[in-house]
file input-v3.pdb (PDB, C-alpha atoms, pLDDT in the B column)
ATOM      1  CA  MET C   1      93.681 106.700  88.385  1.00 39.00           C
ATOM      2  CA  ALA C   2      95.122 109.034  90.964  1.00 39.00           C
ATOM      3  CA  GLN C   3      93.367 112.068  89.605  1.00 40.00           C
ATOM      4  CA  GLN C   4      89.991 112.402  87.951  1.00 44.00           C
ATOM      5  CA  ARG C   5      90.223 113.777  84.414  1.00 51.00           C
ATOM      6  CA  ALA C   6      87.497 115.448  82.430  1.00 52.00           C
ATOM      7  CA  LEU C   7      86.673 113.301  79.428  1.00 54.00           C
ATOM      8  CA  PRO C   8      85.754 114.771  76.039  1.00 60.00           C
ATOM      9  CA  GLN C   9      82.041 114.728  75.251  1.00 65.00           C
ATOM     10  CA  SER C  10      82.328 111.781  72.832  1.00 80.00           C
ATOM     11  CA  LYS C  11      84.126 109.632  75.418  1.00 79.00           C
ATOM     12  CA  GLU C  12      81.639 110.629  78.099  1.00 84.00           C
ATOM     13  CA  THR C  13      78.767 109.674  75.784  1.00 88.00           C
ATOM     14  CA  LEU C  14      80.443 106.371  74.974  1.00 86.00           C
ATOM     15  CA  LEU C  15      80.883 105.564  78.666  1.00 86.00           C
ATOM     16  CA  GLN C  16      77.221 106.432  79.309  1.00 91.00           C
ATOM     17  CA  SER C  17      76.179 104.068  76.506  1.00 92.00           C
ATOM     18  CA  TYR C  18      78.349 101.327  78.050  1.00 91.00           C
ATOM     19  CA  ASN C  19      76.652 101.934  81.398  1.00 93.00           C
ATOM     20  CA  LYS C  20      73.197 101.780  79.780  1.00 95.00           C
ATOM     21  CA  ARG C  21      74.077  98.533  77.972  1.00 94.00           C
ATOM     22  CA  LEU C  22      75.268  97.034  81.248  1.00 93.00           C
ATOM     23  CA  LYS C  23      72.086  97.950  83.098  1.00 96.00           C
ATOM     24  CA  ASP C  24      69.847  96.767  80.250  1.00 95.00           C
ATOM     25  CA  ASP C  25      71.601  93.408  79.911  1.00 94.00           C
ATOM     26  CA  VAL C  26      71.619  92.722  83.655  1.00 95.00           C
ATOM     27  CA  LYS C  27      67.942  93.722  83.866  1.00 96.00           C
ATOM     28  CA  SER C  28      67.148  91.412  80.938  1.00 94.00           C
ATOM     29  CA  ILE C  29      68.887  88.494  82.663  1.00 95.00           C
ATOM     30  CA  MET C  30      67.063  89.166  85.930  1.00 96.00           C
ATOM     31  CA  ASP C  31      63.631  89.585  84.283  1.00 95.00           C
ATOM     32  CA  ASN C  32      63.970  86.465  82.156  1.00 94.00           C
ATOM     33  CA  PHE C  33      65.225  84.389  85.069  1.00 94.00           C
ATOM     34  CA  THR C  34      62.361  85.612  87.264  1.00 94.00           C
ATOM     35  CA  GLU C  35      59.843  84.718  84.543  1.00 92.00           C
ATOM     36  CA  ILE C  36      61.368  81.238  84.127  1.00 90.00           C
ATOM     37  CA  ILE C  37      60.938  80.668  87.873  1.00 91.00           C
ATOM     38  CA  LYS C  38      57.323  81.901  87.698  1.00 88.00           C
ATOM     39  CA  THR C  39      56.621  79.631  84.736  1.00 85.00           C
ATOM     40  CA  ALA C  40      58.036  76.634  86.581  1.00 82.00           C
ATOM     41  CA  LYS C  41      55.336  76.909  89.254  1.00 79.00           C
ATOM     42  CA  ILE C  42      52.447  74.523  88.824  1.00 73.00           C
ATOM     43  CA  GLU C  43      49.223  76.449  88.678  1.00 71.00           C
ATOM     44  CA  ASP C  44      45.726  75.331  89.397  1.00 68.00           C
ATOM     45  CA  GLU C  45      43.397  74.223  86.659  1.00 69.00           C
ATOM     46  CA  THR C  46      42.966  76.739  83.852  1.00 68.00           C
ATOM     47  CA  GLN C  47      40.907  76.764  80.701  1.00 69.00           C
ATOM     48  CA  VAL C  48      43.867  75.323  78.745  1.00 68.00           C
ATOM     49  CA  SER C  49      44.671  71.617  79.096  1.00 78.00           C
ATOM     50  CA  ARG C  50      47.752  70.578  81.048  1.00 77.00           C
ATOM     51  CA  ALA C  51      49.564  69.230  77.963  1.00 81.00           C
ATOM     52  CA  THR C  52      48.998  72.446  76.035  1.00 83.00           C
ATOM     53  CA  GLN C  53      50.010  74.536  79.040  1.00 82.00           C
ATOM     54  CA  GLY C  54      53.144  72.406  79.456  1.00 83.00           C
ATOM     55  CA  GLU C  55      54.144  72.927  75.822  1.00 87.00           C
ATOM     56  CA  GLN C  56      53.511  76.645  76.078  1.00 87.00           C
ATOM     57  CA  ASP C  57      55.577  76.858  79.290  1.00 87.00           C
ATOM     58  CA  ASN C  58      58.356  74.809  77.701  1.00 90.00           C
ATOM     59  CA  TYR C  59      58.446  77.120  74.677  1.00 92.00           C
ATOM     60  CA  GLU C  60      58.411  80.226  76.904  1.00 91.00           C
ATOM     61  CA  MET C  61      61.303  78.839  79.001  1.00 92.00           C
ATOM     62  CA  HIS C  62      63.350  78.158  75.864  1.00 94.00           C
ATOM     63  CA  VAL C  63      62.749  81.698  74.587  1.00 95.00           C
ATOM     64  CA  ARG C  64      63.623  83.215  77.967  1.00 94.00           C
ATOM     65  CA  ALA C  65      66.749  81.029  78.257  1.00 95.00           C
ATOM     66  CA  ALA C  66      67.783  82.216  74.787  1.00 96.00           C
ATOM     67  CA  ASN C  67      67.218  85.810  75.960  1.00 95.00           C
ATOM     68  CA  ILE C  68      69.461  85.162  78.992  1.00 95.00           C
ATOM     69  CA  VAL C  69      72.171  83.730  76.724  1.00 96.00           C
ATOM     70  CA  ARG C  70      71.871  86.729  74.379  1.00 96.00           C
ATOM     71  CA  ALA C  71      72.182  89.141  77.317  1.00 95.00           C
ATOM     72  CA  GLY C  72      75.217  87.200  78.604  1.00 94.00           C
ATOM     73  CA  GLU C  73      76.889  87.385  75.185  1.00 96.00           C
ATOM     74  CA  SER C  74      76.105  91.084  75.080  1.00 95.00           C
ATOM     75  CA  LEU C  75      77.794  91.499  78.478  1.00 94.00           C
ATOM     76  CA  MET C  76      80.862  89.639  77.207  1.00 96.00           C
ATOM     77  CA  LYS C  77      80.959  91.959  74.178  1.00 95.00           C
ATOM     78  CA  LEU C  78      80.628  94.921  76.540  1.00 94.00           C
ATOM     79  CA  VAL C  79      83.635  93.701  78.558  1.00 94.00           C
ATOM     80  CA  SER C  80      85.611  93.381  75.325  1.00 93.00           C
ATOM     81  CA  ASP C  81      84.584  96.895  74.263  1.00 91.00           C
ATOM     82  CA  LEU C  82      85.579  98.290  77.674  1.00 89.00           C
ATOM     83  CA  LYS C  83      88.991  96.631  77.470  1.00 89.00           C
ATOM     84  CA  GLN C  84      89.513  98.036  73.991  1.00 88.00           C
ATOM     85  CA  PHE C  85      88.386 101.488  75.141  1.00 86.00           C
ATOM     86  CA  LEU C  86      90.778 101.343  78.080  1.00 83.00           C
ATOM     87  CA  ILE C  87      93.717 100.178  75.977  1.00 80.00           C
ATOM     88  CA  LEU C  88      93.157 102.776  73.277  1.00 80.00           C
ATOM     89  CA  ASN C  89      92.330 105.709  75.538  1.00 78.00           C
ATOM     90  CA  ASP C  90      94.449 105.239  78.648  1.00 76.00           C
ATOM     91  CA  PHE C  91      97.415 107.321  77.526  1.00 79.00           C
ATOM     92  CA  PRO C  92      98.446 108.479  81.029  1.00 81.00           C
ATOM     93  CA  SER C  93      99.079 104.924  82.264  1.00 77.00           C
ATOM     94  CA  VAL C  94     100.869 104.004  79.026  1.00 77.00           C
ATOM     95  CA  ASN C  95     103.040 107.113  79.368  1.00 85.00           C
ATOM     96  CA  GLU C  96     103.687 106.309  83.023  1.00 86.00           C
ATOM     97  CA  ALA C  97     104.812 102.780  82.113  1.00 85.00           C
ATOM     98  CA  ILE C  98     107.113 104.188  79.426  1.00 90.00           C
ATOM     99  CA  ASP C  99     108.563 106.710  81.894  1.00 93.00           C
ATOM    100  CA  GLN C 100     109.191 103.987  84.497  1.00 93.00           C
ATOM    101  CA  ARG C 101     110.961 101.810  81.936  1.00 95.00           C
ATOM    102  CA  ASN C 102     112.978 104.831  80.803  1.00 96.00           C
ATOM    103  CA  GLN C 103     114.086 105.485  84.391  1.00 96.00           C
ATOM    104  CA  GLN C 104     115.064 101.843  84.871  1.00 96.00           C
ATOM    105  CA  LEU C 105     117.116 101.848  81.687  1.00 96.00           C
ATOM    106  CA  ARG C 106     118.795 105.165  82.576  1.00 97.00           C
ATOM    107  CA  ALA C 107     119.754 103.803  86.002  1.00 97.00           C
ATOM    108  CA  LEU C 108     121.174 100.679  84.333  1.00 96.00           C
ATOM    109  CA  GLN C 109     123.087 102.858  81.871  1.00 97.00           C
ATOM    110  CA  GLU C 110     124.546 104.977  84.692  1.00 97.00           C
ATOM    111  CA  GLU C 111     125.593 101.846  86.582  1.00 97.00           C
ATOM    112  CA  CYS C 112     127.279 100.429  83.469  1.00 96.00           C
ATOM    113  CA  ASP C 113     129.001 103.777  82.846  1.00 96.00           C
ATOM    114  CA  ARG C 114     130.325 103.831  86.422  1.00 97.00           C
ATOM    115  CA  LYS C 115     131.639 100.283  86.102  1.00 97.00           C
ATOM    116  CA  LEU C 116     133.248 101.034  82.743  1.00 96.00           C
ATOM    117  CA  ILE C 117     134.942 104.156  84.119  1.00 96.00           C
ATOM    118  CA  ALA C 118     136.278 102.189  87.106  1.00 96.00           C
ATOM    119  CA  LEU C 119     137.524  99.448  84.771  1.00 96.00           C
ATOM    120  CA  ARG C 120     139.138 102.030  82.477  1.00 95.00           C
ATOM    121  CA  ASP C 121     140.910 103.621  85.442  1.00 95.00           C
ATOM    122  CA  GLU C 122     142.215 100.249  86.675  1.00 95.00           C
ATOM    123  CA  VAL C 123     143.418  99.254  83.216  1.00 95.00           C
ATOM    124  CA  SER C 124     145.052 102.653  82.761  1.00 94.00           C
ATOM    125  CA  ILE C 125     146.969 102.327  86.037  1.00 94.00           C
ATOM    126  CA  ASP C 126     148.062  98.777  85.200  1.00 93.00           C
ATOM    127  CA  LEU C 127     149.108  99.800  81.684  1.00 92.00           C
ATOM    128  CA  TYR C 128     151.123 102.719  83.049  1.00 92.00           C
ATOM    129  CA  GLU C 129     152.934 100.426  85.475  1.00 90.00           C
ATOM    130  CA  LEU C 130     153.622  97.888  82.723  1.00 91.00           C
ATOM    131  CA  GLU C 131     154.934 100.561  80.359  1.00 89.00           C
ATOM    132  CA  GLU C 132     157.142 101.982  83.082  1.00 88.00           C
ATOM    133  CA  GLU C 133     158.547  98.544  83.840  1.00 87.00           C
ATOM    134  CA  TYR C 134     159.032  97.742  80.153  1.00 86.00           C
ATOM    135  CA  TYR C 135     160.838 100.963  79.266  1.00 85.00           C
ATOM    136  CA  SER C 136     162.983 100.900  82.402  1.00 85.00           C
ATOM    137  CA  SER C 137     164.043  97.290  81.753  1.00 80.00           C
ATOM    138  CA  ARG C 138     165.032  97.849  78.098  1.00 74.00           C
ATOM    139  CA  GLY C 139     168.087  99.848  79.002  1.00 64.00           C
ATOM    140  CA  ARG C 140     169.385  97.367  81.559  1.00 61.00           C
ATOM    141  CA  SER C 141     171.431  94.293  80.953  1.00 57.00           C
ATOM    142  CA  ALA C 142     170.360  90.739  81.732  1.00 55.00           C
ATOM    143  CA  SER C 143     172.657  90.582  84.748  1.00 59.00           C
ATOM    144  CA  GLN C 144     171.037  93.721  86.197  1.00 64.00           C
ATOM    145  CA  CYS C 145     167.607  92.108  85.770  1.00 59.00           C
ATOM    146  CA  THR C 146     168.894  88.957  87.479  1.00 60.00           C
ATOM    147  CA  GLU C 147     170.205  90.989  90.374  1.00 67.00           C
ATOM    148  CA  GLU C 148     166.861  92.781  90.725  1.00 66.00           C
ATOM    149  CA  VAL C 149     164.991  89.475  90.680  1.00 58.00           C
ATOM    150  CA  ALA C 150     167.390  88.051  93.252  1.00 60.00           C
ATOM    151  CA  ALA C 151     166.932  91.126  95.426  1.00 67.00           C
ATOM    152  CA  ARG C 152     163.161  90.704  95.334  1.00 63.00           C
ATOM    153  CA  ASP C 153     163.204  86.928  95.859  1.00 57.00           C
ATOM    154  CA  PRO C 154     166.458  85.659  97.330  1.00 52.00           C
ATOM    155  CA  THR C 155     165.380  81.990  97.240  1.00 51.00           C
ATOM    156  CA  PRO C 156     166.909  81.167  93.792  1.00 48.00           C
ATOM    157  CA  ALA C 157     170.234  82.795  94.848  1.00 46.00           C
ATOM    158  CA  LYS C 158     170.432  80.532  97.907  1.00 45.00           C
ATOM    159  CA  LEU C 159     170.069  77.509  95.701  1.00 44.00           C
ATOM    160  CA  GLY C 160     172.842  78.739  93.418  1.00 46.00           C
ATOM    161  CA  VAL C 161     170.549  79.239  90.445  1.00 43.00           C
ATOM    162  CA  TYR C 162     171.144  82.376  88.441  1.00 43.00           C
ATOM    163  CA  TYR C 163     169.281  83.606  85.380  1.00 42.00           C
ATOM    164  CA  HIS C 164     171.437  84.927  82.538  1.00 39.00           C
TER     165      HIS C 164
END

call {"tool": "encode", "arguments": {"input": "input-v3.pdb", "output": "structure tokens"}}
result
Amino acid sequence: MAQQRALPQSKETLLQSYNKRLKDDVKSIMDNFTEIIKTAKIEDETQVSRATQGEQDNYEMHVRAANIVRAGESLMKLVSDLKQFLILNDFPSVNEAIDQRNQQLRALQEECDRKLIALRDEVSIDLYELEEEYYSSRGRSASQCTEEVAARDPTPAKLGVYYH
């Protein structure tokens, strides 16, 4: 965004909630991972037997791993929500894209109009010349046409070929 816009209060609140969710989920992942690492350390003898302590640690690691997965899924949902928010609320960029496409299509239209006008002019000139030739040749006889053709291209006259 080139310029910073003031968001309505509801959008600002929504963005703050997204930010809070992000921080909470990342903190949850970090805390649970740290606790898994702590649990993995072998401690000295305690009042609880090693087998019982191992089962308790195993259970705690499973719970913490599930918490990490939940926080990861929550982050994925947050990304989806942010994309949806951006798509639904980013009217300036949508309008800018529409304006750019409009400009491209207008330029294409102007180019096509120029080409059509040039083609029309060429066809008009050619049609005028053809009409002039047609109407001027209607009043002449075949021998006059032959003489004109011979005057333009004397080759057939040299060969003794005449068109009648």

call {"tool": "residues_around", "arguments": {"input": "input-v3.pdb", "residues": "Asp81 of chain C", "least_positions_apart": "6", "cutoff": "12 Å", "atoms": "all atoms listed in the file", "output": "PDB file with C-alpha atoms, in the frame of the given file"}}
result
ATOM      1  CA  LEU C  14      80.443 106.371  74.974  1.00 86.00           C
ATOM      2  CA  LEU C  15      80.883 105.564  78.666  1.00 86.00           C
ATOM      3  CA  SER C  17      76.179 104.068  76.506  1.00 92.00           C
ATOM      4  CA  TYR C  18      78.349 101.327  78.050  1.00 91.00           C
ATOM      5  CA  ASN C  19      76.652 101.934  81.398  1.00 93.00           C
ATOM      6  CA  ARG C  21      74.077  98.533  77.972  1.00 94.00           C
ATOM      7  CA  LEU C  22      75.268  97.034  81.248  1.00 93.00           C
ATOM      8  CA  SER C  74      76.105  91.084  75.080  1.00 95.00           C
ATOM      9  CA  LEU C  75      77.794  91.499  78.478  1.00 94.00           C
ATOM     10  CA  ILE C  87      93.717 100.178  75.977  1.00 80.00           C
ATOM     11  CA  LEU C  88      93.157 102.776  73.277  1.00 80.00           C
ATOM     12  CA  ASN C  89      92.330 105.709  75.538  1.00 78.00           C
TER      13      ASN C  89
END

call {"tool": "resolve_selection", "arguments": {"input": "input-v3.pdb", "expression": "the PyMOL selection byres ((chain C and resi 39) around 12)", "output": "VMD selection string"}}
result
chain C and resid 32 to 38 40 to 43 53 to 62 64

call {"tool": "atom_distance", "arguments": {"input": "input-v3.pdb", "atom1": "atom CA of Thr13 of chain C", "atom2": "atom CA of Leu78 of chain C"}}
result
14.9 Å

call {"tool": "closest_residue", "arguments": {"input": "input-v3.pdb", "among": "C:Ala107, C:Leu127, C:Leu86, C:Met30", "to": "Ala71 of chain C", "atoms": "only C-alpha atoms"}}
result
C:Met30

call {"tool": "atom_distance", "arguments": {"input": "input-v3.pdb", "atom1": "atom CA of Phe91 of chain C", "atom2": "atom CA of Val79 of chain C"}}
result
19.4 Å
